[in-house]
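The file model_30.txt comes next; it holds compact mmCIF, N, CA and C atoms and all ligand atoms.
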```txt
# COMPACT_ATOMS: atom_id res chain seq x y z
N MET A 10 9.60 8.58 -30.59
CA MET A 10 8.20 8.68 -30.17
C MET A 10 7.65 10.05 -30.63
N SER A 11 6.53 10.03 -31.28
CA SER A 11 5.94 11.30 -31.74
C SER A 11 5.26 12.00 -30.56
N TRP A 12 4.92 13.25 -30.75
CA TRP A 12 4.27 13.97 -29.65
C TRP A 12 2.90 13.36 -29.33
N ARG A 13 2.26 12.79 -30.38
CA ARG A 13 0.96 12.15 -30.15
C ARG A 13 1.12 10.94 -29.22
N GLU A 14 2.17 10.14 -29.47
CA GLU A 14 2.40 8.96 -28.64
C GLU A 14 2.75 9.38 -27.22
N ARG A 15 3.56 10.44 -27.12
CA ARG A 15 3.92 10.95 -25.80
C ARG A 15 2.70 11.41 -25.03
N LEU A 16 1.83 12.11 -25.73
CA LEU A 16 0.62 12.62 -25.11
C LEU A 16 -0.27 11.46 -24.64
N ALA A 17 -0.36 10.43 -25.49
CA ALA A 17 -1.18 9.26 -25.15
C ALA A 17 -0.60 8.56 -23.92
N ALA A 18 0.72 8.43 -23.87
CA ALA A 18 1.37 7.78 -22.72
C ALA A 18 1.13 8.60 -21.46
N PHE A 19 1.20 9.91 -21.60
CA PHE A 19 0.97 10.80 -20.46
C PHE A 19 -0.47 10.65 -19.95
N ALA A 20 -1.42 10.61 -20.89
CA ALA A 20 -2.83 10.46 -20.52
C ALA A 20 -3.05 9.13 -19.80
N ARG A 21 -2.40 8.06 -20.32
CA ARG A 21 -2.53 6.75 -19.67
C ARG A 21 -2.00 6.80 -18.25
N SER A 22 -0.88 7.48 -18.03
CA SER A 22 -0.31 7.52 -16.69
C SER A 22 -1.21 8.31 -15.74
N LEU A 23 -1.90 9.30 -16.27
CA LEU A 23 -2.83 10.07 -15.44
C LEU A 23 -4.02 9.20 -15.02
N VAL A 24 -4.54 8.43 -15.97
CA VAL A 24 -5.67 7.55 -15.67
C VAL A 24 -5.25 6.55 -14.61
N GLN A 25 -4.03 5.99 -14.79
CA GLN A 25 -3.53 5.01 -13.83
C GLN A 25 -3.41 5.63 -12.44
N ARG A 26 -2.89 6.87 -12.39
CA ARG A 26 -2.73 7.54 -11.10
C ARG A 26 -4.08 7.75 -10.42
N ARG A 27 -5.09 8.07 -11.24
CA ARG A 27 -6.42 8.31 -10.67
C ARG A 27 -6.99 7.01 -10.10
N GLU A 28 -6.78 5.91 -10.84
CA GLU A 28 -7.25 4.61 -10.33
C GLU A 28 -6.53 4.25 -9.04
N MET A 29 -5.23 4.51 -9.02
CA MET A 29 -4.45 4.18 -7.82
C MET A 29 -4.92 5.03 -6.64
N ASP A 30 -5.28 6.28 -6.89
CA ASP A 30 -5.80 7.14 -5.82
C ASP A 30 -7.05 6.54 -5.20
N GLN A 31 -7.78 5.75 -6.01
CA GLN A 31 -9.00 5.12 -5.51
C GLN A 31 -8.72 3.75 -4.91
N GLY A 32 -7.44 3.41 -4.80
CA GLY A 32 -7.07 2.13 -4.21
C GLY A 32 -7.18 0.96 -5.17
N LYS A 33 -7.18 1.26 -6.50
CA LYS A 33 -7.28 0.18 -7.48
C LYS A 33 -5.89 -0.20 -7.98
N ARG A 34 -5.66 -1.49 -8.11
CA ARG A 34 -4.38 -1.97 -8.60
C ARG A 34 -4.36 -1.90 -10.13
N PRO A 35 -3.39 -1.18 -10.71
CA PRO A 35 -3.29 -1.15 -12.18
C PRO A 35 -3.01 -2.56 -12.72
N ASP A 36 -3.48 -2.84 -13.95
CA ASP A 36 -3.35 -4.18 -14.53
C ASP A 36 -1.92 -4.68 -14.59
N ARG A 37 -0.98 -3.75 -14.83
CA ARG A 37 0.41 -4.21 -14.97
C ARG A 37 1.11 -4.39 -13.63
N TYR A 38 0.45 -4.05 -12.55
CA TYR A 38 1.02 -4.28 -11.21
C TYR A 38 0.65 -5.69 -10.77
N THR A 39 1.43 -6.66 -11.23
CA THR A 39 1.06 -8.06 -10.99
C THR A 39 2.00 -8.77 -10.02
N GLU A 40 3.03 -8.10 -9.55
CA GLU A 40 4.01 -8.76 -8.69
C GLU A 40 3.88 -8.29 -7.24
N GLU A 41 4.13 -9.20 -6.33
CA GLU A 41 4.13 -8.84 -4.91
C GLU A 41 5.48 -8.27 -4.54
N ALA A 42 5.49 -7.05 -4.08
CA ALA A 42 6.72 -6.42 -3.65
C ALA A 42 6.56 -5.94 -2.22
N THR A 43 7.67 -5.56 -1.63
CA THR A 43 7.61 -5.02 -0.27
C THR A 43 8.25 -3.65 -0.27
N CYS A 44 7.44 -2.67 0.09
CA CYS A 44 7.94 -1.31 0.21
C CYS A 44 8.38 -1.11 1.66
N LYS A 45 9.56 -0.54 1.84
CA LYS A 45 10.08 -0.34 3.19
C LYS A 45 9.13 0.51 4.03
N ARG A 46 8.37 1.37 3.38
CA ARG A 46 7.48 2.26 4.12
C ARG A 46 6.04 1.77 4.15
N CYS A 47 5.57 1.14 3.05
CA CYS A 47 4.16 0.73 2.98
C CYS A 47 3.93 -0.72 3.41
N GLY A 48 4.96 -1.56 3.34
CA GLY A 48 4.78 -2.98 3.60
C GLY A 48 4.48 -3.70 2.29
N PRO A 49 3.71 -4.83 2.34
CA PRO A 49 3.43 -5.58 1.12
C PRO A 49 2.53 -4.81 0.17
N VAL A 50 2.98 -4.64 -1.09
CA VAL A 50 2.21 -3.90 -2.10
C VAL A 50 2.30 -4.61 -3.44
N TRP A 51 1.42 -4.23 -4.37
CA TRP A 51 1.49 -4.69 -5.75
C TRP A 51 2.36 -3.74 -6.54
N LEU A 52 3.34 -4.29 -7.30
CA LEU A 52 4.15 -3.48 -8.21
C LEU A 52 4.34 -4.25 -9.51
N TRP A 53 5.04 -3.64 -10.47
CA TRP A 53 5.25 -4.33 -11.74
C TRP A 53 6.51 -5.21 -11.68
N PHE A 54 7.14 -5.28 -10.50
CA PHE A 54 8.26 -6.21 -10.32
C PHE A 54 8.24 -6.65 -8.85
N ALA A 55 8.83 -7.81 -8.59
CA ALA A 55 8.87 -8.31 -7.22
C ALA A 55 10.17 -7.85 -6.56
N GLY A 56 10.15 -7.77 -5.25
CA GLY A 56 11.37 -7.41 -4.54
C GLY A 56 11.09 -6.39 -3.47
N GLU A 57 12.17 -5.88 -2.90
CA GLU A 57 12.01 -4.90 -1.84
C GLU A 57 12.45 -3.53 -2.35
N VAL A 58 11.65 -2.52 -2.08
CA VAL A 58 11.95 -1.17 -2.55
C VAL A 58 11.92 -0.19 -1.38
N PRO A 59 12.75 0.84 -1.43
CA PRO A 59 12.75 1.84 -0.34
C PRO A 59 11.51 2.73 -0.38
N GLY A 60 10.90 2.85 -1.54
CA GLY A 60 9.69 3.67 -1.68
C GLY A 60 8.95 3.19 -2.91
N CYS A 61 7.66 3.50 -3.03
CA CYS A 61 6.88 2.99 -4.15
C CYS A 61 5.77 3.98 -4.50
N PRO A 62 5.09 3.75 -5.64
CA PRO A 62 3.99 4.66 -6.02
C PRO A 62 2.87 4.70 -5.00
N TRP A 63 2.74 3.61 -4.20
CA TRP A 63 1.67 3.57 -3.20
C TRP A 63 1.98 4.46 -2.01
N CYS A 64 3.24 4.90 -1.90
CA CYS A 64 3.59 5.81 -0.80
C CYS A 64 2.70 7.05 -0.85
N TRP A 65 2.31 7.47 -2.08
CA TRP A 65 1.43 8.64 -2.23
C TRP A 65 0.11 8.38 -1.54
N ASN A 66 -0.40 7.13 -1.71
CA ASN A 66 -1.67 6.78 -1.06
C ASN A 66 -1.50 6.79 0.45
N ARG A 67 -0.36 6.24 0.90
CA ARG A 67 -0.14 6.12 2.34
C ARG A 67 -0.13 7.51 2.99
N VAL A 68 0.63 8.47 2.42
CA VAL A 68 0.70 9.78 3.05
C VAL A 68 -0.61 10.54 2.93
N ALA A 69 -1.40 10.22 1.87
CA ALA A 69 -2.68 10.91 1.69
C ALA A 69 -3.82 10.17 2.39
N ASP A 70 -3.47 9.10 3.14
CA ASP A 70 -4.47 8.31 3.85
C ASP A 70 -5.49 7.69 2.91
N LYS A 71 -5.01 7.27 1.71
CA LYS A 71 -5.89 6.62 0.74
C LYS A 71 -5.64 5.11 0.78
N PRO A 72 -6.62 4.33 0.31
CA PRO A 72 -6.47 2.87 0.41
C PRO A 72 -5.33 2.33 -0.44
N ILE A 73 -4.67 1.28 0.05
CA ILE A 73 -3.62 0.59 -0.69
C ILE A 73 -4.04 -0.87 -0.84
N PRO A 74 -4.21 -1.35 -2.08
CA PRO A 74 -4.56 -2.76 -2.24
C PRO A 74 -3.38 -3.64 -1.84
N ARG A 75 -3.63 -4.69 -1.09
CA ARG A 75 -2.54 -5.53 -0.58
C ARG A 75 -2.55 -6.90 -1.21
N PRO A 76 -1.35 -7.45 -1.52
CA PRO A 76 -1.28 -8.81 -2.06
C PRO A 76 -1.76 -9.84 -1.06
N HIS A 77 -1.58 -9.60 0.21
CA HIS A 77 -2.14 -10.48 1.23
C HIS A 77 -2.45 -9.62 2.45
N ALA A 78 -3.31 -10.13 3.30
CA ALA A 78 -3.76 -9.34 4.43
C ALA A 78 -2.60 -8.98 5.35
N VAL A 79 -2.59 -7.77 5.81
CA VAL A 79 -1.58 -7.34 6.77
C VAL A 79 -2.08 -7.73 8.15
N ARG A 80 -1.27 -8.47 8.88
CA ARG A 80 -1.66 -8.83 10.23
C ARG A 80 -1.29 -7.68 11.17
N CYS A 81 -2.02 -7.55 12.24
CA CYS A 81 -1.77 -6.46 13.18
C CYS A 81 -0.30 -6.42 13.60
N GLY A 82 0.27 -7.59 13.86
CA GLY A 82 1.65 -7.66 14.33
C GLY A 82 2.65 -7.08 13.34
N ASP A 83 2.29 -7.05 12.04
CA ASP A 83 3.20 -6.54 11.02
C ASP A 83 2.96 -5.06 10.74
N CYS A 84 1.89 -4.53 11.32
CA CYS A 84 1.46 -3.17 11.00
C CYS A 84 2.24 -2.15 11.82
N ILE A 85 2.55 -1.00 11.19
CA ILE A 85 3.30 0.03 11.91
C ILE A 85 2.45 0.68 12.99
N HIS A 86 1.10 0.48 12.91
CA HIS A 86 0.22 1.10 13.91
C HIS A 86 -0.03 0.19 15.10
N PHE A 87 0.63 -0.99 15.07
CA PHE A 87 0.44 -1.95 16.16
C PHE A 87 1.40 -1.62 17.29
N GLU A 88 0.87 -1.54 18.50
CA GLU A 88 1.71 -1.26 19.65
C GLU A 88 1.55 -2.40 20.64
N ARG A 89 2.61 -3.17 20.82
CA ARG A 89 2.54 -4.33 21.69
C ARG A 89 2.37 -3.89 23.15
N ILE A 90 1.48 -4.60 23.84
CA ILE A 90 1.32 -4.29 25.26
C ILE A 90 2.12 -5.31 26.06
N ASP A 91 1.99 -5.27 27.37
CA ASP A 91 2.76 -6.15 28.24
C ASP A 91 2.21 -7.58 28.20
N HIS A 92 2.21 -8.18 27.02
CA HIS A 92 1.69 -9.52 26.81
C HIS A 92 2.35 -10.04 25.53
N PRO A 93 2.77 -11.30 25.49
CA PRO A 93 3.51 -11.78 24.31
C PRO A 93 2.71 -11.74 23.00
N HIS A 94 1.39 -11.84 23.04
CA HIS A 94 0.64 -11.93 21.79
C HIS A 94 -0.40 -10.84 21.59
N LEU A 95 -0.41 -9.86 22.45
CA LEU A 95 -1.46 -8.85 22.34
C LEU A 95 -0.89 -7.44 22.24
N GLY A 96 -1.70 -6.57 21.64
CA GLY A 96 -1.29 -5.19 21.52
C GLY A 96 -2.48 -4.32 21.18
N ASP A 97 -2.24 -3.06 20.95
CA ASP A 97 -3.30 -2.12 20.62
C ASP A 97 -3.03 -1.48 19.27
N CYS A 98 -4.12 -1.04 18.63
CA CYS A 98 -3.98 -0.34 17.37
C CYS A 98 -3.89 1.15 17.66
N THR A 99 -2.78 1.78 17.25
CA THR A 99 -2.62 3.20 17.54
C THR A 99 -3.46 4.06 16.60
N LYS A 100 -4.06 3.41 15.56
CA LYS A 100 -4.92 4.14 14.63
C LYS A 100 -6.36 4.14 15.12
N GLY A 101 -6.61 3.43 16.26
CA GLY A 101 -7.95 3.42 16.81
C GLY A 101 -8.91 2.49 16.08
N GLU A 102 -8.38 1.49 15.34
CA GLU A 102 -9.25 0.50 14.70
C GLU A 102 -9.97 -0.29 15.79
N PRO A 103 -11.21 -0.72 15.51
CA PRO A 103 -11.95 -1.49 16.51
C PRO A 103 -11.17 -2.74 16.90
N GLU A 104 -11.16 -3.07 18.16
CA GLU A 104 -10.44 -4.25 18.63
C GLU A 104 -11.19 -4.90 19.77
N PRO A 105 -10.96 -6.19 19.97
CA PRO A 105 -11.62 -6.89 21.08
C PRO A 105 -11.16 -6.32 22.42
N ALA A 106 -11.94 -6.56 23.46
CA ALA A 106 -11.64 -6.00 24.78
C ALA A 106 -10.23 -6.35 25.23
N ALA A 107 -9.76 -7.56 24.89
CA ALA A 107 -8.44 -8.00 25.35
C ALA A 107 -7.31 -7.35 24.56
N GLY A 108 -7.60 -6.78 23.40
CA GLY A 108 -6.56 -6.21 22.54
C GLY A 108 -6.39 -7.05 21.29
N LEU A 109 -5.42 -6.72 20.47
CA LEU A 109 -5.21 -7.41 19.20
C LEU A 109 -4.08 -8.42 19.30
ZN ZN A 201 5.48 2.66 -0.53
```

What would the structure in this file look like if it were written as structure tokens?
Ligand SMILES: [Zn+2]
Amino acid sequence: MSWRERLAAFARSLVQRREMDQGKRPDRYTEEATCKRCGPVWLWFAGEVPGCPWCWNRVADKPIPRPHAVRCGDCIHFERIDHPHLGDCTKGEPEPAAGL
């Protein structure tokens, strides 16, 4: 690889990172994967990973595009109350009077 190609690849990765910072899924992220820390995410391969590029978004409180909607019950911010189907959002998301 010539230095020009390397530079072009580097520039592409920077553009991709900037798009990801804005919560945009890069074109080559076409597979549904599960990150142990983020939950369901888009990656360039399917499967379960201990960490992923979206972890940067998670720690920086930036949006993460999801392959399917995360239900409250699957969310790390969900705190079950003394009821089999209800709980509260520890992130303070709006919720019905009865809970989530
Ligand atoms: Zn992750």

**Report entry** Cut-off 8 Å, only N, CA and C atoms and all ligand atoms, neighbours of ligand ZN 201 (chain A) as a list in words
**Finding:**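 Every residue with an atom at most 8 Å from ligand ZN 201 (chain A) is listed here: Thr43, Cys44, Lys45, Arg46, Cys47, Gly48, Val50, Val58, Pro59, Gly60, Cys61, Pro62, Trp63, Cys64, Trp65, Asn66 and Arg67 of chain A.
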
Query raised in the report: What separation in Å, quoted to one decimal, exists between CA of Lys33 (chain A) and atom C of Ala17 (chain A)?
Result: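 Here the two named atoms are 19.6 Å from each other.
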
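Between atom N of Phe54 (chain A) and CA of Glu40 (chain A) lies a distance of 5.0 Å.
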
Query raised in the report: Could you pull out all residues of chain A with a DSSP call of helix (DSSP H, G or I) and give them as number ranges by chain?
Result: A: 12-30, 64-68, 81-83

Requested in this report: Would you work out the distance separating CA of Glu41 (chain A) from atom C of Arg75 (chain A), expressed in Å to one decimal?
Outcome: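 We find that CA of Glu41 (chain A) and atom C of Arg75 (chain A) lie 7.9 Å from each other.
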